[in-house]
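Shown next, in structure tokens, is the structure this report addresses.
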Amino acid sequence: MNILKKIFDGIWTNNPVLIVLLGFCPTLAVSTSLKDAIGMGFSALFVLIGSNLVISALRKFTPEKMRIPVFIIVIATFVTIVDLLLYAYFFPLHKSLGVFIPLIVVNCIVFGRAEAFASKNGMMDSLWDGIGMGLGFTLTISVLASIREILGNGTLMGISLFGQSYSPVIIAILPPGAFLTLGLMLGGMNRINMAIDEKKKAKEKAEKEKAKQLKASVANG
Amino acid sequence: MVKLIILAIDSMLISNIVLMRFLGICPYIGVSKKQETAAGMGFAVIFVMVMATLISFFIQKGILDPLNLGYLQTIVFILVIAALVQMLEVTMKKIAPALFDALGIYLPLITTNCTILGVAILTIQKNFNFIEALIFSFSTGIGYLIAIYIFAGIRERLEWSDIPKPFQGAAIGIITAGLLSLAFFGFTGLVKL
């Protein structure tokens, strides 16, 4: 229950990209194809889990004033591990992600979770927090990449969807398309959350009125 | 010489760091509500970017490469940049208080600005020599200043326009950046690198 809530929190309620507005750079840059997006998402997920676990384990030994350099070193270590692993086993992916792998170090999502969560909570909680946030990031970037790849290239995971006759909307795959699509996604997310809020309020109001009527009828009767 | 000018124009306009390479989006959205602060941030970025790129250039060529420690690049660069920003803050306060008043508050923000680390790493990846690294980092910084200053100007006007509620705040900001990026796309083909 708690774990599911944690993961849902990362994916929807506190989605690191769409709600907390962190980590825009990799989200925009590597969302030209779903393959790259998933690769980026899982690299960040790995770094998040690793850094959350280690920082949480070290939280009692880390002096308050030294915490930022400690965070940076821990995060950079995991980023280097990912960098070398991708280079050794997934060379094409490493090539297309390029400079954005070392830049996971300055990804505000990783740093933000270290500062806001892992340095204050136990290892198990931090582990699930890392998984939830990492999945939230992966999902967001994958959705964005799917939209861009389908519109701009007519393919998904490199598989052609519409056949030869489809003429792609090239702007979706170009840099402006990344901004426009992400902007529309943000707006859509806000709209859905507003609708949920309104429904909740309407429900509460209806319940209040029901209670009022009940009270009135009791008083009359 | 011609090659250097082309490099400068390319990194300033055609491959603009924010709008084409997607680096430094967080401060781009965060510190662009007013043109004054945007200009301050832009100048601070230029300053730190040149310093950080040159120092990391010397560290790579002088220490990491001869000792075969290339895999430590990420860790070393980010620590050097964090330390550099701290040192700049202290020295600036002592030597140039006027400059510190203008740029000081933006300095801590710059450590987490991925443009700085990004440009330092790109310089190494592209195998630039010293002069090229200098031109590349300086003109990339100028490109950042141009992008954020124009963006802040548009956002100041957005304050007074009637935006649908779900799109208020970051959403309309990103879409505006998209339109700006589209405009910068017009520079493509201006020169060929």
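Here's how to read the names in the structure tokens: chain A, B, ... by the order shown, residue numbers from 1 in each chain, ligand numbers from 1 in the order shown.
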
Which chain B residues have any atom within 8 Å of an atom of chain A, and for each, what is the nearest pair of atoms with distance in Å to one decimal, counting only C-alpha atoms, rows sorted by chain and number, as a tab-separated table?
residue	atom	partner	partner_atom	distance
B:Leu19	CA	A:Pro175	CA	7.1
B:Met20	CA	A:Pro175	CA	5.8
B:Arg21	CA	A:Ala29	CA	7.1
B:Phe22	CA	A:Cys25	CA	5.3
B:Leu23	CA	A:Cys25	CA	5.6
B:Gly24	CA	A:Cys25	CA	6.7
B:Ile25	CA	A:Cys25	CA	5.7
B:Cys26	CA	A:Phe24	CA	6.6
B:Tyr71	CA	A:Thr80	CA	7.2
B:Leu72	CA	A:Thr80	CA	7.6
B:Thr74	CA	A:Pro102	CA	6.0
B:Ile75	CA	A:Ala76	CA	5.3
B:Ile78	CA	A:Ile72	CA	7.8
B:Leu79	CA	A:Ile72	CA	7.6
B:Thr112	CA	A:Val106	CA	5.6
B:Asn113	CA	A:Val106	CA	7.2
B:Cys114	CA	A:Val106	CA	5.9
B:Leu117	CA	A:Leu103	CA	7.2
B:Gly118	CA	A:Leu103	CA	6.7
B:Ile121	CA	A:Val99	CA	7.2
B:Leu122	CA	A:Val99	CA	7.0
B:Pro166	CA	A:Asn190	CA	5.0
B:Phe167	CA	A:Gly187	CA	4.8
B:Ala170	CA	A:Gly183	CA	7.8
B:Ala171	CA	A:Gly183	CA	4.7
B:Ile172	CA	A:Gly183	CA	6.5
B:Gly173	CA	A:Gly183	CA	7.7
B:Ile174	CA	A:Gly183	CA	5.1
B:Ile175	CA	A:Leu180	CA	4.9
B:Ala177	CA	A:Phe179	CA	6.5
B:Gly178	CA	A:Phe179	CA	4.5
B:Leu179	CA	A:Pro176	CA	6.6
B:Leu180	CA	A:Pro176	CA	7.9
B:Ser181	CA	A:Pro176	CA	5.2
B:Leu182	CA	A:Pro176	CA	5.3

When DSSP works through the backbone of this structure, what residues of range 57-192 of chain A end up as alpha helix (DSSP H), shown as a PyMOL selection string?
chain A and resi 57+67-89+91-97+108-113+123-153+175-192

Save the residues we just selected, C-alpha atoms, as a PDB file, in the first residue's frame?
ATOM      1  CA  ALA A  57      22.976   5.279   4.393  1.00  0.00           C
ATOM      2  CA  ARG A  67      26.526  17.681   2.560  1.00  0.00           C
ATOM      3  CA  ILE A  68      26.500  19.269  -0.899  1.00  0.00           C
ATOM      4  CA  PRO A  69      30.028  18.153  -1.909  1.00  0.00           C
ATOM      5  CA  VAL A  70      29.202  14.696  -0.528  1.00  0.00           C
ATOM      6  CA  PHE A  71      26.019  14.542  -2.612  1.00  0.00           C
ATOM      7  CA  ILE A  72      27.891  15.653  -5.703  1.00  0.00           C
ATOM      8  CA  ILE A  73      30.584  12.995  -5.310  1.00  0.00           C
ATOM      9  CA  VAL A  74      28.081  10.209  -4.673  1.00  0.00           C
ATOM     10  CA  ILE A  75      25.928  11.212  -7.644  1.00  0.00           C
ATOM     11  CA  ALA A  76      28.934  11.698  -9.928  1.00  0.00           C
ATOM     12  CA  THR A  77      30.214   8.229  -9.001  1.00  0.00           C
ATOM     13  CA  PHE A  78      26.973   6.598 -10.079  1.00  0.00           C
ATOM     14  CA  VAL A  79      26.837   8.677 -13.244  1.00  0.00           C
ATOM     15  CA  THR A  80      30.354   7.535 -14.130  1.00  0.00           C
ATOM     16  CA  ILE A  81      29.272   3.908 -13.574  1.00  0.00           C
ATOM     17  CA  VAL A  82      26.307   4.369 -15.942  1.00  0.00           C
ATOM     18  CA  ASP A  83      28.505   6.151 -18.472  1.00  0.00           C
ATOM     19  CA  LEU A  84      31.052   3.330 -18.575  1.00  0.00           C
ATOM     20  CA  LEU A  85      28.391   0.587 -18.600  1.00  0.00           C
ATOM     21  CA  LEU A  86      26.561   2.163 -21.533  1.00  0.00           C
ATOM     22  CA  TYR A  87      29.849   2.683 -23.341  1.00  0.00           C
ATOM     23  CA  ALA A  88      30.755  -0.980 -22.919  1.00  0.00           C
ATOM     24  CA  TYR A  89      27.429  -2.695 -23.594  1.00  0.00           C
ATOM     25  CA  PHE A  91      27.444   1.737 -27.609  1.00  0.00           C
ATOM     26  CA  PRO A  92      24.852   3.117 -30.102  1.00  0.00           C
ATOM     27  CA  LEU A  93      22.701   4.373 -27.215  1.00  0.00           C
ATOM     28  CA  HIS A  94      25.761   5.937 -25.569  1.00  0.00           C
ATOM     29  CA  LYS A  95      26.474   7.741 -28.819  1.00  0.00           C
ATOM     30  CA  SER A  96      22.970   9.140 -29.277  1.00  0.00           C
ATOM     31  CA  LEU A  97      22.602  10.240 -25.638  1.00  0.00           C
ATOM     32  CA  CYS A 108      18.001  18.699 -10.585  1.00  0.00           C
ATOM     33  CA  ILE A 109      15.745  15.661 -10.048  1.00  0.00           C
ATOM     34  CA  VAL A 110      18.595  13.572  -8.636  1.00  0.00           C
ATOM     35  CA  PHE A 111      19.971  16.412  -6.555  1.00  0.00           C
ATOM     36  CA  GLY A 112      16.513  17.474  -5.395  1.00  0.00           C
ATOM     37  CA  ARG A 113      15.611  13.994  -4.128  1.00  0.00           C
ATOM     38  CA  MET A 123      17.157   3.446   3.286  1.00  0.00           C
ATOM     39  CA  MET A 124      14.002   1.491   2.376  1.00  0.00           C
ATOM     40  CA  ASP A 125      11.907   4.650   2.006  1.00  0.00           C
ATOM     41  CA  SER A 126      14.647   6.287  -0.047  1.00  0.00           C
ATOM     42  CA  LEU A 127      14.877   3.238  -2.298  1.00  0.00           C
ATOM     43  CA  TRP A 128      11.153   3.389  -3.107  1.00  0.00           C
ATOM     44  CA  ASP A 129      11.299   7.143  -3.464  1.00  0.00           C
ATOM     45  CA  GLY A 130      14.086   6.728  -6.013  1.00  0.00           C
ATOM     46  CA  ILE A 131      12.127   4.075  -7.915  1.00  0.00           C
ATOM     47  CA  GLY A 132       8.941   6.169  -7.942  1.00  0.00           C
ATOM     48  CA  MET A 133      10.657   9.349  -9.083  1.00  0.00           C
ATOM     49  CA  GLY A 134      12.764   7.496 -11.637  1.00  0.00           C
ATOM     50  CA  LEU A 135       9.694   5.802 -13.092  1.00  0.00           C
ATOM     51  CA  GLY A 136       7.856   9.135 -13.179  1.00  0.00           C
ATOM     52  CA  PHE A 137      10.735  10.635 -15.155  1.00  0.00           C
ATOM     53  CA  THR A 138      10.996   7.611 -17.468  1.00  0.00           C
ATOM     54  CA  LEU A 139       7.262   7.598 -18.162  1.00  0.00           C
ATOM     55  CA  THR A 140       7.071  11.326 -18.871  1.00  0.00           C
ATOM     56  CA  ILE A 141      10.034  11.302 -21.226  1.00  0.00           C
ATOM     57  CA  SER A 142       8.696   8.151 -22.953  1.00  0.00           C
ATOM     58  CA  VAL A 143       5.263   9.689 -23.549  1.00  0.00           C
ATOM     59  CA  LEU A 144       6.859  12.846 -24.946  1.00  0.00           C
ATOM     60  CA  ALA A 145       9.193  10.797 -27.143  1.00  0.00           C
ATOM     61  CA  SER A 146       6.331   8.605 -28.424  1.00  0.00           C
ATOM     62  CA  ILE A 147       4.312  11.643 -29.463  1.00  0.00           C
ATOM     63  CA  ARG A 148       7.300  13.207 -31.188  1.00  0.00           C
ATOM     64  CA  GLU A 149       8.429  10.020 -32.899  1.00  0.00           C
ATOM     65  CA  ILE A 150       4.952   9.103 -34.180  1.00  0.00           C
ATOM     66  CA  LEU A 151       4.179  12.603 -35.440  1.00  0.00           C
ATOM     67  CA  GLY A 152       7.592  13.510 -36.736  1.00  0.00           C
ATOM     68  CA  ASN A 153       8.769  10.239 -38.190  1.00  0.00           C
ATOM     69  CA  PRO A 175      13.993  21.274 -31.402  1.00  0.00           C
ATOM     70  CA  PRO A 176      10.933  23.616 -31.538  1.00  0.00           C
ATOM     71  CA  GLY A 177       8.660  20.571 -31.534  1.00  0.00           C
ATOM     72  CA  ALA A 178      10.144  19.411 -28.238  1.00  0.00           C
ATOM     73  CA  PHE A 179       9.233  22.685 -26.543  1.00  0.00           C
ATOM     74  CA  LEU A 180       5.760  22.862 -28.071  1.00  0.00           C
ATOM     75  CA  THR A 181       4.857  19.252 -27.224  1.00  0.00           C
ATOM     76  CA  LEU A 182       6.134  19.521 -23.650  1.00  0.00           C
ATOM     77  CA  GLY A 183       4.234  22.800 -23.198  1.00  0.00           C
ATOM     78  CA  LEU A 184       1.022  21.197 -24.378  1.00  0.00           C
ATOM     79  CA  MET A 185       1.623  18.206 -22.095  1.00  0.00           C
ATOM     80  CA  LEU A 186       2.109  20.518 -19.104  1.00  0.00           C
ATOM     81  CA  GLY A 187      -1.112  22.343 -19.950  1.00  0.00           C
ATOM     82  CA  GLY A 188      -2.977  19.068 -20.396  1.00  0.00           C
ATOM     83  CA  MET A 189      -1.712  17.772 -17.047  1.00  0.00           C
ATOM     84  CA  ASN A 190      -2.844  20.972 -15.326  1.00  0.00           C
ATOM     85  CA  ARG A 191      -6.251  20.738 -16.977  1.00  0.00           C
ATOM     86  CA  ILE A 192      -6.758  17.124 -15.788  1.00  0.00           C
TER      87      ILE A 192
END

Just to confirm, what's the straight-line distance from CA of Gly42 in chain B to CA of Val17 in chain A in Å (one decimal)?
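According to the coordinates, CA of Gly42 in chain B and CA of Val17 in chain A are separated by 24.3 Å.
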
Which residues, written as a PyMOL selection string, have at least one atom at most 12 Å from Asn127 in chain B, with only C-alpha atoms counted and residues fewer than 6 positions away on the same chain left out?
chain B and resi 57+60-61+120-121+133+136

Suppose we keep N, CA and C atoms; can you now write the selection as a PDB file, in the first residue's frame?
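Dumped to result-v1.pdb:
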ATOM      1  N   PHE B  57      39.679  22.698 -19.305  1.00  0.00           N
ATOM      2  CA  PHE B  57      40.513  22.374 -20.472  1.00  0.00           C
ATOM      3  C   PHE B  57      41.935  22.046 -20.021  1.00  0.00           C
ATOM      4  N   GLN B  60      42.059  18.749 -18.088  1.00  0.00           N
ATOM      5  CA  GLN B  60      41.972  17.577 -18.963  1.00  0.00           C
ATOM      6  C   GLN B  60      43.304  17.330 -19.681  1.00  0.00           C
ATOM      7  N   LYS B  61      43.855  18.419 -20.275  1.00  0.00           N
ATOM      8  CA  LYS B  61      45.070  18.238 -21.075  1.00  0.00           C
ATOM      9  C   LYS B  61      46.294  18.039 -20.210  1.00  0.00           C
ATOM     10  N   ALA B 120      31.897  22.620 -20.906  1.00  0.00           N
ATOM     11  CA  ALA B 120      33.221  22.106 -20.558  1.00  0.00           C
ATOM     12  C   ALA B 120      33.429  20.724 -21.178  1.00  0.00           C
ATOM     13  N   ILE B 121      32.405  19.869 -21.094  1.00  0.00           N
ATOM     14  CA  ILE B 121      32.548  18.516 -21.645  1.00  0.00           C
ATOM     15  C   ILE B 121      32.552  18.546 -23.173  1.00  0.00           C
ATOM     16  N   ALA B 133      38.549  26.798 -27.835  1.00  0.00           N
ATOM     17  CA  ALA B 133      37.807  26.642 -26.593  1.00  0.00           C
ATOM     18  C   ALA B 133      37.373  28.000 -26.056  1.00  0.00           C
ATOM     19  N   PHE B 136      34.636  29.352 -28.362  1.00  0.00           N
ATOM     20  CA  PHE B 136      33.430  28.532 -28.212  1.00  0.00           C
ATOM     21  C   PHE B 136      32.691  28.885 -26.925  1.00  0.00           C
TER      22      PHE B 136
END

Interatomic distance (Å, one decimal) between CA of Ile81 in chain B and CA of Ala52 in chain B:
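A separation of 6.1 Å between them.
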
note - CA of Ala216 in chain A and CA of Lys203 in chain A are separated by 19.9 Å

Test item, strand (DSSP E) assignment across range 6-216 of chain A, answer as a ChimeraX atom specification
/A:155-156,159-160

Neighbouring residues of range 140-155 of chain B were defined as those with any atom within 8 Å, considering only C-alpha atoms; residues of the same chain fewer than 6 positions away were excluded. Please report them as a list in words.
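Surrounding residues, per the criterion: Ala8, Ser11, Met12, Leu13, Asn16, Ile17, Val18, Leu19, Tyr28, Ser32, Lys33, Lys34, Gln35, Ala38, Ala39, Met41, Gly42, Phe43, Val45, Ile46, Phe47, Met49, Val50, Gly173, Thr176, Ala177 and Leu180 of chain B.
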
Fewer than 5 positions away in the same chain doesn't count, so skip those; otherwise give me all residues within 12 Å of range 87-97 of chain B, counting only C-alpha atoms, as a ChimeraX atom specification.
/B:44,47-48,51-52,80-82,102-111

Can I get the selected residues back with N, CA and C atoms, as a PDB file, in the first residue's frame?
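To be explicit, this is the file written out as out_11.pdb:
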ATOM      1  N   ALA B  44      26.516  36.690 -15.883  1.00  0.00           N
ATOM      2  CA  ALA B  44      27.173  35.779 -14.947  1.00  0.00           C
ATOM      3  C   ALA B  44      27.527  34.469 -15.645  1.00  0.00           C
ATOM      4  N   PHE B  47      30.650  34.892 -17.888  1.00  0.00           N
ATOM      5  CA  PHE B  47      31.841  34.988 -17.055  1.00  0.00           C
ATOM      6  C   PHE B  47      32.283  33.613 -16.564  1.00  0.00           C
ATOM      7  N   VAL B  48      31.350  32.904 -15.916  1.00  0.00           N
ATOM      8  CA  VAL B  48      31.704  31.604 -15.336  1.00  0.00           C
ATOM      9  C   VAL B  48      32.004  30.585 -16.429  1.00  0.00           C
ATOM     10  N   MET B  51      35.615  30.991 -17.715  1.00  0.00           N
ATOM     11  CA  MET B  51      36.571  30.544 -16.687  1.00  0.00           C
ATOM     12  C   MET B  51      36.541  29.028 -16.546  1.00  0.00           C
ATOM     13  N   ALA B  52      35.332  28.470 -16.402  1.00  0.00           N
ATOM     14  CA  ALA B  52      35.212  27.037 -16.133  1.00  0.00           C
ATOM     15  C   ALA B  52      35.733  26.211 -17.302  1.00  0.00           C
ATOM     16  N   VAL B  80      35.419  20.796  -9.777  1.00  0.00           N
ATOM     17  CA  VAL B  80      36.179  21.999 -10.112  1.00  0.00           C
ATOM     18  C   VAL B  80      35.216  23.179 -10.327  1.00  0.00           C
ATOM     19  N   ILE B  81      34.095  22.913 -11.008  1.00  0.00           N
ATOM     20  CA  ILE B  81      33.163  24.002 -11.264  1.00  0.00           C
ATOM     21  C   ILE B  81      32.545  24.506  -9.966  1.00  0.00           C
ATOM     22  N   ALA B  82      32.156  23.567  -9.086  1.00  0.00           N
ATOM     23  CA  ALA B  82      31.564  23.978  -7.809  1.00  0.00           C
ATOM     24  C   ALA B  82      32.558  24.817  -7.010  1.00  0.00           C
ATOM     25  N   ALA B 102      26.164  43.217  -8.769  1.00  0.00           N
ATOM     26  CA  ALA B 102      25.367  42.983  -9.971  1.00  0.00           C
ATOM     27  C   ALA B 102      25.155  41.490 -10.237  1.00  0.00           C
ATOM     28  N   LEU B 103      26.209  40.687 -10.054  1.00  0.00           N
ATOM     29  CA  LEU B 103      26.128  39.276 -10.454  1.00  0.00           C
ATOM     30  C   LEU B 103      26.083  38.300  -9.288  1.00  0.00           C
ATOM     31  N   GLY B 104      26.414  38.795  -8.089  1.00  0.00           N
ATOM     32  CA  GLY B 104      26.618  37.918  -6.942  1.00  0.00           C
ATOM     33  C   GLY B 104      25.509  36.922  -6.691  1.00  0.00           C
ATOM     34  N   ILE B 105      24.237  37.390  -6.725  1.00  0.00           N
ATOM     35  CA  ILE B 105      23.163  36.478  -6.337  1.00  0.00           C
ATOM     36  C   ILE B 105      22.954  35.367  -7.358  1.00  0.00           C
ATOM     37  N   TYR B 106      23.480  35.525  -8.566  1.00  0.00           N
ATOM     38  CA  TYR B 106      23.265  34.487  -9.569  1.00  0.00           C
ATOM     39  C   TYR B 106      24.322  33.403  -9.498  1.00  0.00           C
ATOM     40  N   LEU B 107      25.463  33.718  -8.818  1.00  0.00           N
ATOM     41  CA  LEU B 107      26.572  32.773  -8.840  1.00  0.00           C
ATOM     42  C   LEU B 107      26.223  31.402  -8.258  1.00  0.00           C
ATOM     43  N   PRO B 108      25.606  31.333  -7.058  1.00  0.00           N
ATOM     44  CA  PRO B 108      25.302  29.990  -6.534  1.00  0.00           C
ATOM     45  C   PRO B 108      24.389  29.204  -7.466  1.00  0.00           C
ATOM     46  N   LEU B 109      23.492  29.894  -8.157  1.00  0.00           N
ATOM     47  CA  LEU B 109      22.561  29.219  -9.059  1.00  0.00           C
ATOM     48  C   LEU B 109      23.287  28.561 -10.220  1.00  0.00           C
ATOM     49  N   ILE B 110      24.480  29.093 -10.536  1.00  0.00           N
ATOM     50  CA  ILE B 110      25.157  28.653 -11.748  1.00  0.00           C
ATOM     51  C   ILE B 110      25.761  27.265 -11.594  1.00  0.00           C
ATOM     52  N   THR B 111      26.089  26.870 -10.335  1.00  0.00           N
ATOM     53  CA  THR B 111      26.670  25.539 -10.137  1.00  0.00           C
ATOM     54  C   THR B 111      25.753  24.464 -10.703  1.00  0.00           C
TER      55      THR B 111
END
